[in-house]
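Read through the structure below, which is laid out as structure tokens, and then see the notes.
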Amino acid sequence: MKKNVFISLLAVILLLGVTFGTTSCSSDNDIVANTKYEVFNNIKVSKDQWKWNENEKKYQAIVALPELTKSIYENGVQLAYLFIGQPGKDETQRMLPYVYTYYIKDANGNVIDKYTETISCDFQLGSPSTVAFFIQGSDLKRDDAYLNDYYFKVAFIWK
């Protein structure tokens, strides 16, 4: 009985695969050929550009991005990455939002506390359009001593 159900299920899956595969409206090549993209590397946010937002309890830096058009905003995707490490050595790209937890240890190496930092962004259509980057700590407190220069990458993909 189980064998008959399995064979029937396999036949249905095969039939659906053949049906959808042969009746598709466009090929993968059409999708790729009509897809556009634009990448902005090394958007630098200097330490002094981070401004504390007391209402939201986070740092923010707003960068003009006039290349973000209404068409891209409404019909595409916007992605952002944070560069971590040193270029050419140990650099990695982390997709936003990037969440990292720091562990605070005592002299014996025992974890006595932890602190989580979230780096995120949002995109706003306007004149000019902008990307806003944010840093928010789990304690929701301001501490300018830990601010650094950050480098970001933004990518747009649209049709």
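All residue names refer to the structure tokens as shown: chains lettered A, B, ... in order, residues numbered from 1 in each chain, ligands numbered from 1 in order.
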Please list as a PDB file with N, CA and C atoms, in the first residue's frame every residue within 12 Å of region 86-88 of chain A, counting only C-alpha atoms and excluding residues in the same chain fewer than 4 positions away.
```pdb
ATOM      1  N   ASN A  42      32.090  51.074  -0.614  1.00  0.00           N
ATOM      2  CA  ASN A  42      32.830  51.970   0.271  1.00  0.00           C
ATOM      3  C   ASN A  42      32.122  53.279   0.578  1.00  0.00           C
ATOM      4  N   THR A  92      35.525  41.016   5.690  1.00  0.00           N
ATOM      5  CA  THR A  92      34.324  40.286   5.300  1.00  0.00           C
ATOM      6  C   THR A  92      33.197  41.300   5.104  1.00  0.00           C
ATOM      7  N   GLN A  93      32.181  40.881   4.369  1.00  0.00           N
ATOM      8  CA  GLN A  93      30.990  41.692   4.194  1.00  0.00           C
ATOM      9  C   GLN A  93      29.861  41.029   4.965  1.00  0.00           C
ATOM     10  N   TYR A 150      32.836  53.574   9.698  1.00  0.00           N
ATOM     11  CA  TYR A 150      32.284  52.355   9.117  1.00  0.00           C
ATOM     12  C   TYR A 150      32.200  52.508   7.608  1.00  0.00           C
ATOM     13  N   TYR A 151      32.384  51.382   6.923  1.00  0.00           N
ATOM     14  CA  TYR A 151      32.248  51.349   5.465  1.00  0.00           C
ATOM     15  C   TYR A 151      31.114  50.401   5.104  1.00  0.00           C
TER      16      TYR A 151
END
```
Could you list, as a list of chain:residue names, every residue within 9 Å of Leu147 (chain A), counting only C-alpha atoms and ignoring same-chain residues fewer than 5 positions away?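 Everything that qualifies: A:Ser46, A:Lys47, A:Asp48, A:Trp50.
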Might you pull out every residue within 10 Å of region 63-80 of chain A, with only C-alpha atoms counted and same-chain residues fewer than 4 positions away left off, and present them as a count of residues only? 38
Select, from A:Ala145, A:Ile119, A:Ile135, A:Val111, the residue with the minimum atom-to-atom distance to Asn53 (chain A), counting only C-alpha atoms. A:Ile135
If you measure from CA of Lys89 (chain A) to CA of Gln60 (chain A), what distance in Å do you get, rounded to one decimal?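 CA of Gln60 (chain A) lies at a distance of 28.3 Å from CA of Lys89 (chain A).
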Residues within 8 Å of Thr116 (chain A), only C-alpha atoms, excluding chain neighbours under 3 positions, as JSON, numbers by chain: {"A": [99, 100, 101, 102, 137, 138]}
I need the chosen residues saved as a short mmCIF file (atom, residue, chain, number, x, y, z; two decimals), in the first residue's frame, with all heavy atoms.
```cif
data_model
loop_
_atom_site.label_atom_id
_atom_site.label_comp_id
_atom_site.auth_asym_id
_atom_site.auth_seq_id
_atom_site.Cartn_x
_atom_site.Cartn_y
_atom_site.Cartn_z
N VAL A 99 24.01 41.84 13.63
CA VAL A 99 23.84 41.76 15.09
C VAL A 99 25.05 41.05 15.65
O VAL A 99 25.40 39.95 15.22
CB VAL A 99 22.55 41.00 15.46
CG1 VAL A 99 22.39 40.92 16.96
CG2 VAL A 99 21.33 41.66 14.82
N TYR A 100 25.70 41.69 16.64
CA TYR A 100 26.88 41.09 17.25
C TYR A 100 26.79 41.23 18.77
O TYR A 100 26.46 42.31 19.28
CB TYR A 100 28.16 41.75 16.74
CG TYR A 100 29.40 41.03 17.20
CD1 TYR A 100 29.84 39.88 16.56
CD2 TYR A 100 30.12 41.49 18.30
CE1 TYR A 100 30.97 39.20 16.99
CE2 TYR A 100 31.26 40.81 18.73
CZ TYR A 100 31.67 39.68 18.07
OH TYR A 100 32.78 38.99 18.50
N THR A 101 27.10 40.16 19.47
CA THR A 101 27.07 40.17 20.93
C THR A 101 28.49 40.15 21.47
O THR A 101 29.30 39.30 21.09
CB THR A 101 26.27 38.97 21.48
OG1 THR A 101 24.94 39.04 20.96
CG2 THR A 101 26.23 38.98 22.99
N TYR A 102 28.78 41.10 22.34
CA TYR A 102 30.07 41.18 23.03
C TYR A 102 29.89 40.58 24.42
O TYR A 102 28.91 40.87 25.10
CB TYR A 102 30.51 42.64 23.18
CG TYR A 102 30.71 43.35 21.87
CD1 TYR A 102 29.66 44.04 21.27
CD2 TYR A 102 31.94 43.36 21.23
CE1 TYR A 102 29.83 44.71 20.07
CE2 TYR A 102 32.12 44.02 20.03
CZ TYR A 102 31.06 44.69 19.46
OH TYR A 102 31.23 45.36 18.27
N GLY A 137 22.57 49.83 20.65
CA GLY A 137 23.03 48.88 21.65
C GLY A 137 21.87 48.31 22.44
O GLY A 137 20.81 48.94 22.57
N SER A 138 22.06 47.13 22.99
CA SER A 138 21.00 46.47 23.75
C SER A 138 20.66 47.23 25.03
O SER A 138 19.55 47.10 25.55
CB SER A 138 21.39 45.03 24.07
OG SER A 138 22.62 45.00 24.78
#
```
With only C-alpha atoms as the counted atoms, please give the residues lying no more than 7 Å from Gln136 (chain A), apart from itself and same-chain residues fewer than 6 positions off, as a PyMOL selection string. chain A and resi 58-59+117-119
Output C-alpha atoms for every residue in that selection, as a compact mmCIF listing (two decimals), in the first residue's frame.
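Output below, filename result09.txt:
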```
# COMPACT_ATOMS: atom_id res chain seq x y z
CA LYS A 58 20.30 54.88 18.68
CA TYR A 59 22.93 56.50 16.51
CA GLU A 117 24.93 45.82 19.06
CA THR A 118 22.73 46.01 15.97
CA ILE A 119 23.76 47.87 12.82
```
I want to know what sits within 10 Å of Glu54 (chain A), based on only C-alpha atoms, with residues of the same chain fewer than 5 positions away left out; could you give that as a list in words?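 Surrounding residues, per the criterion: Tyr59, Leu140, Lys141 and Arg142 of chain A.
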Write out the residues from the selection above, keeping all heavy atoms, as a short mmCIF file (atom, residue, chain, number, x, y, z; two decimals), in the first residue's frame.
```
data_model
loop_
_atom_site.label_atom_id
_atom_site.label_comp_id
_atom_site.auth_asym_id
_atom_site.auth_seq_id
_atom_site.Cartn_x
_atom_site.Cartn_y
_atom_site.Cartn_z
N TYR A 59 22.18 55.60 17.38
CA TYR A 59 22.93 56.50 16.51
C TYR A 59 22.41 56.36 15.09
O TYR A 59 21.97 55.29 14.68
CB TYR A 59 24.42 56.14 16.52
CG TYR A 59 25.11 56.44 17.83
CD1 TYR A 59 25.24 55.47 18.80
CD2 TYR A 59 25.60 57.71 18.09
CE1 TYR A 59 25.86 55.74 20.00
CE2 TYR A 59 26.23 58.00 19.29
CZ TYR A 59 26.36 57.01 20.25
OH TYR A 59 26.97 57.30 21.43
N LEU A 140 20.52 50.49 25.14
CA LEU A 140 19.87 51.71 24.67
C LEU A 140 20.52 52.98 25.22
O LEU A 140 19.87 54.02 25.33
CB LEU A 140 18.38 51.70 25.00
CG LEU A 140 17.57 50.52 24.46
CD1 LEU A 140 16.13 50.60 24.93
CD2 LEU A 140 17.64 50.48 22.94
N LYS A 141 21.81 52.91 25.53
CA LYS A 141 22.51 54.06 26.08
C LYS A 141 23.49 54.64 25.08
O LYS A 141 24.04 53.94 24.23
CB LYS A 141 23.27 53.66 27.36
CG LYS A 141 22.35 53.28 28.48
CD LYS A 141 23.12 52.93 29.72
CE LYS A 141 22.16 52.53 30.83
NZ LYS A 141 22.85 52.07 32.01
N ARG A 142 23.73 55.92 25.20
CA ARG A 142 24.69 56.63 24.36
C ARG A 142 26.09 56.43 24.94
O ARG A 142 26.30 56.57 26.15
CB ARG A 142 24.34 58.12 24.33
CG ARG A 142 25.29 58.93 23.52
CD ARG A 142 24.90 60.39 23.50
NE ARG A 142 25.79 61.12 22.62
CZ ARG A 142 25.54 62.31 22.15
NH1 ARG A 142 24.43 62.95 22.50
NH2 ARG A 142 26.40 62.90 21.35
#
```
Any idea what the distance is between CA of Ala61 (chain A) and CA of Asp149 (chain A)?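 CA of Asp149 (chain A) lies 11.2 Å from CA of Ala61 (chain A).
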Quick one, how far is CA of Ala107 (chain A) from CA of Ile84 (chain A)?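 Interatomic distance here is 27.7 Å.
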Looking only at strand (DSSP E) from DSSP on the backbone, list the matching residues of region 40-153 of chain A as a PyMOL selection string. chain A and resi 40-45+51-53+58-64+77-84+92-95+98-105+111-124+130-137+150-153
